[in-house]
Amino acid sequence: MRLTALSILALLCAMASPSAQTVTFGEHISPIIYNNCTSCHRTGEIGAMPLTNYSEVAAHATMIQHVTQNRYMPPWKPDPTYSQHIGERTLTQSEIDLIRNWVDAGFPQGDLALEAPLPTFPTGSALGTPDLVLTMAEPFAIRGDNEDQYQVFVLPTGLAEPRAIAAVEFRPGNRQIVHHALLAVDITGTARQNDLETPEYGYESFGGFDSPIAAILPSYTPGTRTVAFPHGVGQILPQNADLLVQVHYAPWPIAESDQSSVNIFFKKESLEREVGLIAIVPFSLNDIKAFFGNFGGRDIEQIIAQLEASGAELPPNLDDLIDFAASANDLFGAINPMAKIEIDSRFVIPAREVKTFRGTLTIDQDISLLSIYLHMHLLGQSWEVYAVDPQGNRTDLVRISDWDFNWQGSYTFTHFQKIAAGSKIHAVTTYDNTIDNPLNPNYPPRTVAWGEKTTDEMLLVAMEYVPYRQGDENIALAPSVGYVARIDFDGDRQRDFDDFVLFAQNFGLSQGDADFQSRFDLNRDGRVDFADFIIFARLFGG
Amino acid sequence: MNWRHNIWVTVGAIFLLAGAGICAPHKVYVFLGETCPVSRHYTLTLRNLHAQYASEELEFIGVFPNRLSTPTAIAAFKEKYMLPFSCIRDSAHAWVNRLGATVTPEVVVVDSSNAAIYRGRIDNTFARVGKRRRVVTARDLADVLNAICNNTPLTFRQTQAIGCFITPLQNTAQE
């Protein structure tokens, strides 16, 4: 009965819509560009070309056609048909086709009365008033030599007691040059010492922080939606901790400077579950711990000398372990080994070869995953991470087919992902160490193993989790703003009945129907159907 | 190796020495877009090439074909990225059509008779847009300029420039 009403409504709308023959900016293209591109493509933002009105979009029409056809833009690496993450940026095939047809037709302007409104972009914090603002002590000047620069800044928190974090928001000072930022916590003072030892502000470090870290915080890439932890869930910021921010500055042809800051929001309610970190790395953390102990800050050579002197038996892959431990040691404080990690072969990528690794982490208790962070360097090509429970049921976590170091980041699941005790999390990664990989930092290629330098490689999956609780599956990890906008169809910044009416009107349409609008197709499968309704309902209530 | 050969080598060397520092008259047209990230990236390379090769005979000229490139915007770009050569606006695509450029940045080198001897990329830094080579292995423009200044005869050569496509002027009949 209700479905019939929906279909009739849909039919009426279909009849009312104009012929889809002439694609114009006003009617068809402006909503696609303004809602998917303009957040980064306006003055002062990272996307160089402004796309805020007809003439700007038309002036770059051919290039817009090109970068949408090959899906370089909007930048979003995970495959949205594999798993859902907050802040997804994708165009549907029909949107891409619309753009192509519009450009081929000579990019007509059409009726600007039909032009979509420019969204209002938040200027301040997306979350409100932060409890603690940590700003870089001074502006940092980049060299401007067209090379990437990775600088770690140490921001002392000065906290008199440990506090529970609800959200962390990195705020780039110079949005044009800050390409991404990784955040972590140091409680050993090592990072401070590193900073003191270099004449400039901060210190340079490509692969990590060059310091033991006690926690990894959510990372930043342009367009990241800051996600606050759900009720009762949070991360602990230890007293007197130093916040470490590794900023990646994009290659830039002239000197510029940046002074970024970090907003921290503390939990108002008491903490019931602390967020922990589990990881897949190409070595068994347990084995390394068993062998080297938790040697935070101590010299590995010295440890080995001591072990040798004591007559202890050294493992056969000692060289690998040493390379790895030198940096993995930094992660020990942050990562819970949880259970054994296995990898199918030594982490070595021979020169002139394409190599795939399969790593497995066994989970020994029921947990809920919040987010997943992936890290590899310039030889990296692809990722697939999924979990299989003891009954053989599979949960897909993330898949990336064209890894781009510049767009690495953490991906927050739309909902808690339950992983049952006994499940295995599998990570499959591929590296291209041939000359066909233009990013290969070694020319001619050389055999590459684990290390922190640009010319080395890494394999790291880090996942935020909490111990599972009944009902976790229904907890939406809604971001502060933006995600809600996905079902705010009428643009009034509310998720209300009016949005439902709009959704209902479009129910049943699929790609190819004259009236089909991809924004109602929430799971992007080409149909506005019951599956979308479920997502709608979750977002509505969440 | 015989005496004839030696004489030719010597004559060649004398020619080379005489030619060094005097590059035959040529113009290097550099198509640029002030909103194109790849154009921006190459400003550093262009500054270096200009410092190394430019002279009264070998002139660099920046050409801005994007129809939004106003004189103010061009001047601001030239100043901010310290471009040491004159920059002109090409909103009617007169230069685009005459020299056959399709992308920014793209260079067209012409000789004194205005015949093109090279059209294409500056070097192979970009494998495609967004894929920046970490080791640059072909320096096409530098090679051409070297040849010019060494009086090595050149035949026309073309490469594919990577960057932002120049949007053709709108077919107003469509509106």
# chains A, B, ... in the order shown; residues from 1 in each chain; ligands from 1
>>> residues_around(residues="Ala116 in chain B", least_positions_apart="5", cutoff="8 Å", atoms="only C-alpha atoms", output="ChimeraX atom specification")
/B:99,108-111,156
>>> write_last_selection(atoms="all heavy atoms", output="mmCIF file, in the first residue's frame")
data_model
loop_
_atom_site.group_PDB
_atom_site.id
_atom_site.type_symbol
_atom_site.label_atom_id
_atom_site.label_comp_id
_atom_site.auth_asym_id
_atom_site.auth_seq_id
_atom_site.Cartn_x
_atom_site.Cartn_y
_atom_site.Cartn_z
ATOM 1 N N LEU B 99 50.451 27.685 -32.213
ATOM 2 C CA LEU B 99 51.548 26.804 -31.790
ATOM 3 C C LEU B 99 51.085 25.384 -31.439
ATOM 4 O O LEU B 99 51.897 24.510 -31.184
ATOM 5 C CB LEU B 99 52.279 27.425 -30.597
ATOM 6 C CG LEU B 99 52.943 28.785 -30.910
ATOM 7 C CD1 LEU B 99 53.496 29.415 -29.638
ATOM 8 C CD2 LEU B 99 54.044 28.618 -31.950
ATOM 9 N N VAL B 108 56.585 25.263 -26.363
ATOM 10 C CA VAL B 108 56.804 25.163 -27.800
ATOM 11 C C VAL B 108 58.034 26.023 -28.104
ATOM 12 O O VAL B 108 58.055 27.213 -27.779
ATOM 13 C CB VAL B 108 55.590 25.657 -28.609
ATOM 14 C CG1 VAL B 108 55.839 25.462 -30.109
ATOM 15 C CG2 VAL B 108 54.323 24.929 -28.185
ATOM 16 N N VAL B 109 59.064 25.403 -28.680
ATOM 17 C CA VAL B 109 60.291 26.129 -29.005
ATOM 18 C C VAL B 109 60.278 26.388 -30.507
ATOM 19 O O VAL B 109 60.092 25.458 -31.297
ATOM 20 C CB VAL B 109 61.539 25.305 -28.609
ATOM 21 C CG1 VAL B 109 62.813 26.095 -28.899
ATOM 22 C CG2 VAL B 109 61.471 24.906 -27.138
ATOM 23 N N VAL B 110 60.432 27.658 -30.893
ATOM 24 C CA VAL B 110 60.435 27.997 -32.325
ATOM 25 C C VAL B 110 61.766 28.637 -32.697
ATOM 26 O O VAL B 110 62.407 29.302 -31.877
ATOM 27 C CB VAL B 110 59.269 28.937 -32.715
ATOM 28 C CG1 VAL B 110 57.921 28.327 -32.364
ATOM 29 C CG2 VAL B 110 59.435 30.298 -32.059
ATOM 30 N N ASP B 111 62.180 28.428 -33.942
ATOM 31 C CA ASP B 111 63.449 29.015 -34.390
ATOM 32 C C ASP B 111 63.196 30.395 -34.998
ATOM 33 O O ASP B 111 62.079 30.907 -34.979
ATOM 34 C CB ASP B 111 64.162 28.064 -35.362
ATOM 35 C CG ASP B 111 63.379 27.850 -36.646
ATOM 36 O OD1 ASP B 111 62.464 28.659 -36.933
ATOM 37 O OD2 ASP B 111 63.671 26.858 -37.354
ATOM 38 N N PHE B 156 62.108 18.543 -35.862
ATOM 39 C CA PHE B 156 60.964 18.730 -34.973
ATOM 40 C C PHE B 156 60.680 17.465 -34.155
ATOM 41 O O PHE B 156 60.693 16.360 -34.663
ATOM 42 C CB PHE B 156 59.716 19.092 -35.780
ATOM 43 C CG PHE B 156 58.495 19.185 -34.926
ATOM 44 C CD1 PHE B 156 58.311 20.276 -34.083
ATOM 45 C CD2 PHE B 156 57.544 18.175 -34.925
ATOM 46 C CE1 PHE B 156 57.195 20.366 -33.277
ATOM 47 C CE2 PHE B 156 56.419 18.252 -34.110
ATOM 48 C CZ PHE B 156 56.253 19.352 -33.289
#
>>> select_by_dssp(residues="range 49-172 of chain B", states="strand (DSSP E)", output="PyMOL selection string")
chain B and resi 58-64+86-89+103-104+106-111+116-120+126-128+131-132+157-158+164-165
>>> write_last_selection(atoms="C-alpha atoms", output="PDB file, in the first residue's frame")
ATOM      1  CA  LEU B  58      66.908  32.765 -26.427  1.00  0.00           C
ATOM      2  CA  GLU B  59      63.764  34.344 -25.090  1.00  0.00           C
ATOM      3  CA  PHE B  60      61.164  32.757 -22.769  1.00  0.00           C
ATOM      4  CA  ILE B  61      57.560  33.924 -22.998  1.00  0.00           C
ATOM      5  CA  GLY B  62      54.748  32.793 -20.687  1.00  0.00           C
ATOM      6  CA  VAL B  63      51.377  32.406 -22.430  1.00  0.00           C
ATOM      7  CA  PHE B  64      48.161  32.180 -20.388  1.00  0.00           C
ATOM      8  CA  SER B  86      57.343  38.264 -19.747  1.00  0.00           C
ATOM      9  CA  CYS B  87      53.876  36.801 -19.628  1.00  0.00           C
ATOM     10  CA  ILE B  88      51.066  37.382 -22.069  1.00  0.00           C
ATOM     11  CA  ARG B  89      47.369  36.673 -22.067  1.00  0.00           C
ATOM     12  CA  VAL B 103      47.936  21.520 -21.983  1.00  0.00           C
ATOM     13  CA  THR B 104      49.401  23.808 -19.322  1.00  0.00           C
ATOM     14  CA  GLU B 106      53.471  22.868 -22.268  1.00  0.00           C
ATOM     15  CA  VAL B 107      56.404  24.405 -24.127  1.00  0.00           C
ATOM     16  CA  VAL B 108      56.804  25.163 -27.800  1.00  0.00           C
ATOM     17  CA  VAL B 109      60.291  26.129 -29.005  1.00  0.00           C
ATOM     18  CA  VAL B 110      60.435  27.997 -32.325  1.00  0.00           C
ATOM     19  CA  ASP B 111      63.449  29.015 -34.390  1.00  0.00           C
ATOM     20  CA  ALA B 116      58.466  24.870 -34.201  1.00  0.00           C
ATOM     21  CA  ILE B 117      61.317  22.557 -33.342  1.00  0.00           C
ATOM     22  CA  TYR B 118      59.911  21.144 -30.097  1.00  0.00           C
ATOM     23  CA  ARG B 119      56.464  20.887 -28.573  1.00  0.00           C
ATOM     24  CA  GLY B 120      55.586  19.117 -25.348  1.00  0.00           C
ATOM     25  CA  PHE B 126      54.621  13.716 -14.052  1.00  0.00           C
ATOM     26  CA  ALA B 127      53.693  10.249 -15.305  1.00  0.00           C
ATOM     27  CA  ARG B 128      50.105  11.466 -15.177  1.00  0.00           C
ATOM     28  CA  LYS B 131      51.556  10.770 -10.189  1.00  0.00           C
ATOM     29  CA  ARG B 132      54.830  12.566  -9.594  1.00  0.00           C
ATOM     30  CA  ARG B 157      60.138  16.588 -31.981  1.00  0.00           C
ATOM     31  CA  GLN B 158      56.981  16.261 -29.927  1.00  0.00           C
ATOM     32  CA  CYS B 164      45.732  20.704 -17.145  1.00  0.00           C
ATOM     33  CA  PHE B 165      43.987  20.523 -20.494  1.00  0.00           C
TER      34      PHE B 165
END
>>> select_by_dssp(residues="range 140-387 of chain A", states="helix (DSSP H, G or I)", output="count of residues only")
41
>>> interface_residues(of="chain B", to="chain A", cutoff="6 Å", atoms="only C-alpha atoms", output="MDAnalysis selection string")
chainID B and resid 35 37 41 44 133:134 164:165 167 170:171 175
>>> residues_around(residues="Gln470 in chain A", least_positions_apart="6", cutoff="12 Å", atoms="only C-alpha atoms", output="PDB file with N, CA and C atoms, in the first residue's frame")
ATOM      1  N   ASP A 366      35.825 -10.676  21.823  1.00  0.00           N
ATOM      2  CA  ASP A 366      34.872  -9.911  21.013  1.00  0.00           C
ATOM      3  C   ASP A 366      35.238  -8.430  21.076  1.00  0.00           C
ATOM      4  N   ILE A 367      35.389  -7.819  19.922  1.00  0.00           N
ATOM      5  CA  ILE A 367      35.712  -6.390  19.906  1.00  0.00           C
ATOM      6  C   ILE A 367      34.819  -5.667  18.896  1.00  0.00           C
ATOM      7  N   SER A 368      34.814  -4.341  19.012  1.00  0.00           N
ATOM      8  CA  SER A 368      34.151  -3.501  18.018  1.00  0.00           C
ATOM      9  C   SER A 368      35.197  -2.572  17.432  1.00  0.00           C
ATOM     10  N   PHE A 416      29.994   0.862  14.457  1.00  0.00           N
ATOM     11  CA  PHE A 416      30.893  -0.092  15.091  1.00  0.00           C
ATOM     12  C   PHE A 416      30.868  -1.393  14.298  1.00  0.00           C
ATOM     13  N   LYS A 418      31.502  -5.187  14.593  1.00  0.00           N
ATOM     14  CA  LYS A 418      31.797  -6.243  15.561  1.00  0.00           C
ATOM     15  C   LYS A 418      32.714  -7.296  14.932  1.00  0.00           C
ATOM     16  N   ALA A 420      34.117 -10.937  16.111  1.00  0.00           N
ATOM     17  CA  ALA A 420      33.935 -11.927  17.177  1.00  0.00           C
ATOM     18  C   ALA A 420      35.253 -12.593  17.555  1.00  0.00           C
TER      19      ALA A 420
END
>>> residues_around(residues="Thr68 in chain A", least_positions_apart="3", cutoff="12 Å", atoms="only C-alpha atoms", output="list in words")
Ile32, Ile33, Asn36, Cys37, Ala61, Thr62, Met63, Ile64, Gln65, Arg71, Tyr72, Met73, Pro74, Pro75, Trp76, Arg89, Thr90, Leu91, Thr92, Gln93, Ser94, Glu95, Ile96, Asp97, Leu98, Ile99, Arg100 and Val103 of chain A
>>> write_last_selection(atoms="N, CA, C and O atoms", output="short mmCIF file (atom, residue, chain, number, x, y, z; two decimals), in the first residue's frame")
data_model
loop_
_atom_site.label_atom_id
_atom_site.label_comp_id
_atom_site.auth_asym_id
_atom_site.auth_seq_id
_atom_site.Cartn_x
_atom_site.Cartn_y
_atom_site.Cartn_z
N ILE A 32 26.46 18.99 -8.66
CA ILE A 32 27.53 17.99 -8.57
C ILE A 32 28.83 18.67 -8.13
O ILE A 32 29.51 18.20 -7.22
N ILE A 33 29.16 19.78 -8.77
CA ILE A 33 30.42 20.46 -8.46
C ILE A 33 30.38 21.05 -7.05
O ILE A 33 31.29 20.84 -6.24
N ASN A 36 30.51 18.36 -4.29
CA ASN A 36 31.59 17.36 -4.28
C ASN A 36 32.98 17.94 -4.47
O ASN A 36 33.96 17.22 -4.29
N CYS A 37 33.09 19.17 -4.90
CA CYS A 37 34.40 19.71 -5.26
C CYS A 37 34.73 21.01 -4.53
O CYS A 37 35.88 21.25 -4.17
N ALA A 61 36.60 23.31 -17.75
CA ALA A 61 35.70 22.21 -18.10
C ALA A 61 36.43 20.95 -18.58
O ALA A 61 36.16 19.85 -18.11
N THR A 62 37.35 21.10 -19.51
CA THR A 62 38.00 19.92 -20.09
C THR A 62 38.75 19.13 -19.03
O THR A 62 38.74 17.90 -19.00
N MET A 63 39.39 19.87 -18.13
CA MET A 63 40.17 19.20 -17.09
C MET A 63 39.25 18.52 -16.08
O MET A 63 39.55 17.44 -15.57
N ILE A 64 38.12 19.16 -15.79
CA ILE A 64 37.15 18.57 -14.86
C ILE A 64 36.62 17.26 -15.45
O ILE A 64 36.49 16.25 -14.76
N GLN A 65 36.36 17.28 -16.75
CA GLN A 65 35.92 16.06 -17.43
C GLN A 65 36.98 14.96 -17.26
O GLN A 65 36.68 13.84 -16.90
N ARG A 71 38.56 9.23 -12.37
CA ARG A 71 38.28 9.12 -10.93
C ARG A 71 39.44 9.56 -10.04
O ARG A 71 39.63 9.06 -8.93
N TYR A 72 40.22 10.52 -10.55
CA TYR A 72 41.27 11.12 -9.70
C TYR A 72 40.60 12.08 -8.72
O TYR A 72 41.04 12.25 -7.59
N MET A 73 39.50 12.69 -9.16
CA MET A 73 38.76 13.62 -8.33
C MET A 73 37.30 13.18 -8.27
O MET A 73 36.78 12.70 -9.28
N PRO A 74 36.58 13.40 -7.16
CA PRO A 74 37.12 13.86 -5.89
C PRO A 74 38.01 12.78 -5.29
O PRO A 74 37.75 11.59 -5.50
N PRO A 75 39.04 13.18 -4.55
CA PRO A 75 39.98 12.20 -4.02
C PRO A 75 39.33 11.35 -2.92
O PRO A 75 38.88 11.89 -1.92
N TRP A 76 39.24 10.09 -3.15
CA TRP A 76 38.74 9.16 -2.13
C TRP A 76 39.24 7.78 -2.52
O TRP A 76 38.88 7.26 -3.57
N ARG A 89 33.85 10.38 -0.46
CA ARG A 89 33.72 11.35 -1.55
C ARG A 89 33.76 10.58 -2.86
O ARG A 89 34.82 10.14 -3.29
N THR A 90 32.61 10.35 -3.46
CA THR A 90 32.61 9.66 -4.75
C THR A 90 31.53 10.25 -5.63
O THR A 90 30.53 10.77 -5.15
N LEU A 91 31.75 10.17 -6.93
CA LEU A 91 30.71 10.50 -7.88
C LEU A 91 30.16 9.19 -8.42
O LEU A 91 30.89 8.21 -8.54
N THR A 92 28.88 9.17 -8.73
CA THR A 92 28.32 7.97 -9.36
C THR A 92 28.65 8.02 -10.84
O THR A 92 28.98 9.07 -11.39
N GLN A 93 28.51 6.87 -11.48
CA GLN A 93 28.78 6.81 -12.92
C GLN A 93 27.87 7.79 -13.66
O GLN A 93 28.29 8.44 -14.60
N SER A 94 26.62 7.92 -13.18
CA SER A 94 25.71 8.81 -13.92
C SER A 94 26.15 10.27 -13.77
O SER A 94 26.00 11.06 -14.70
N GLU A 95 26.70 10.63 -12.60
CA GLU A 95 27.21 12.00 -12.44
C GLU A 95 28.42 12.24 -13.35
O GLU A 95 28.55 13.31 -13.97
N ILE A 96 29.29 11.24 -13.42
CA ILE A 96 30.47 11.36 -14.27
C ILE A 96 30.04 11.49 -15.74
O ILE A 96 30.56 12.32 -16.49
N ASP A 97 29.03 10.71 -16.12
CA ASP A 97 28.53 10.78 -17.50
C ASP A 97 27.90 12.14 -17.79
O ASP A 97 28.08 12.70 -18.88
N LEU A 98 27.17 12.67 -16.80
CA LEU A 98 26.56 13.99 -16.99
C LEU A 98 27.64 15.03 -17.28
O LEU A 98 27.51 15.84 -18.19
N ILE A 99 28.71 14.98 -16.50
CA ILE A 99 29.80 15.94 -16.69
C ILE A 99 30.38 15.78 -18.09
O ILE A 99 30.59 16.75 -18.82
N ARG A 100 30.60 14.52 -18.49
CA ARG A 100 31.19 14.29 -19.80
C ARG A 100 30.30 14.85 -20.91
O ARG A 100 30.75 15.58 -21.79
N VAL A 103 30.38 18.69 -21.01
CA VAL A 103 31.60 19.26 -21.60
C VAL A 103 31.62 19.03 -23.11
O VAL A 103 31.92 19.93 -23.89
#
>>> residues_around(residues="range 73-84 of chain B", least_positions_apart="3", cutoff="7 Å", atoms="only C-alpha atoms", output="list in words")
Ile254 of chain A; Glu34, Thr43, Arg47, Ser69 and Thr70 of chain B
>>> residues_around(residues="Asp90 in chain B", least_positions_apart="4", cutoff="12 Å", atoms="only C-alpha atoms", output="list in words")
Tyr29, Val30, Phe31, Leu32, Gly33, Ile61, Gly62, Val63, Phe64, Pro65, Asn66, Arg67, Leu68, Ser69, Thr70, Pro71, Ile74, Ala94, Trp95, Val96, Asn97, Arg98, Leu99, Ala101, Ile166, Pro168 and Leu169 of chain B
>>> closest_residue(among="B:Leu154, B:Cys36, B:Ala54, B:Ile122", to="Val136 in chain B", atoms="only C-alpha atoms")
B:Ile122
>>> residues_around(residues="range 223-230 of chain A", least_positions_apart="5", cutoff="9 Å", atoms="only C-alpha atoms", output="ChimeraX atom specification")
/A:39-40,86-87,126-127,165-170,218,235,265,267,370,409,412,475-483
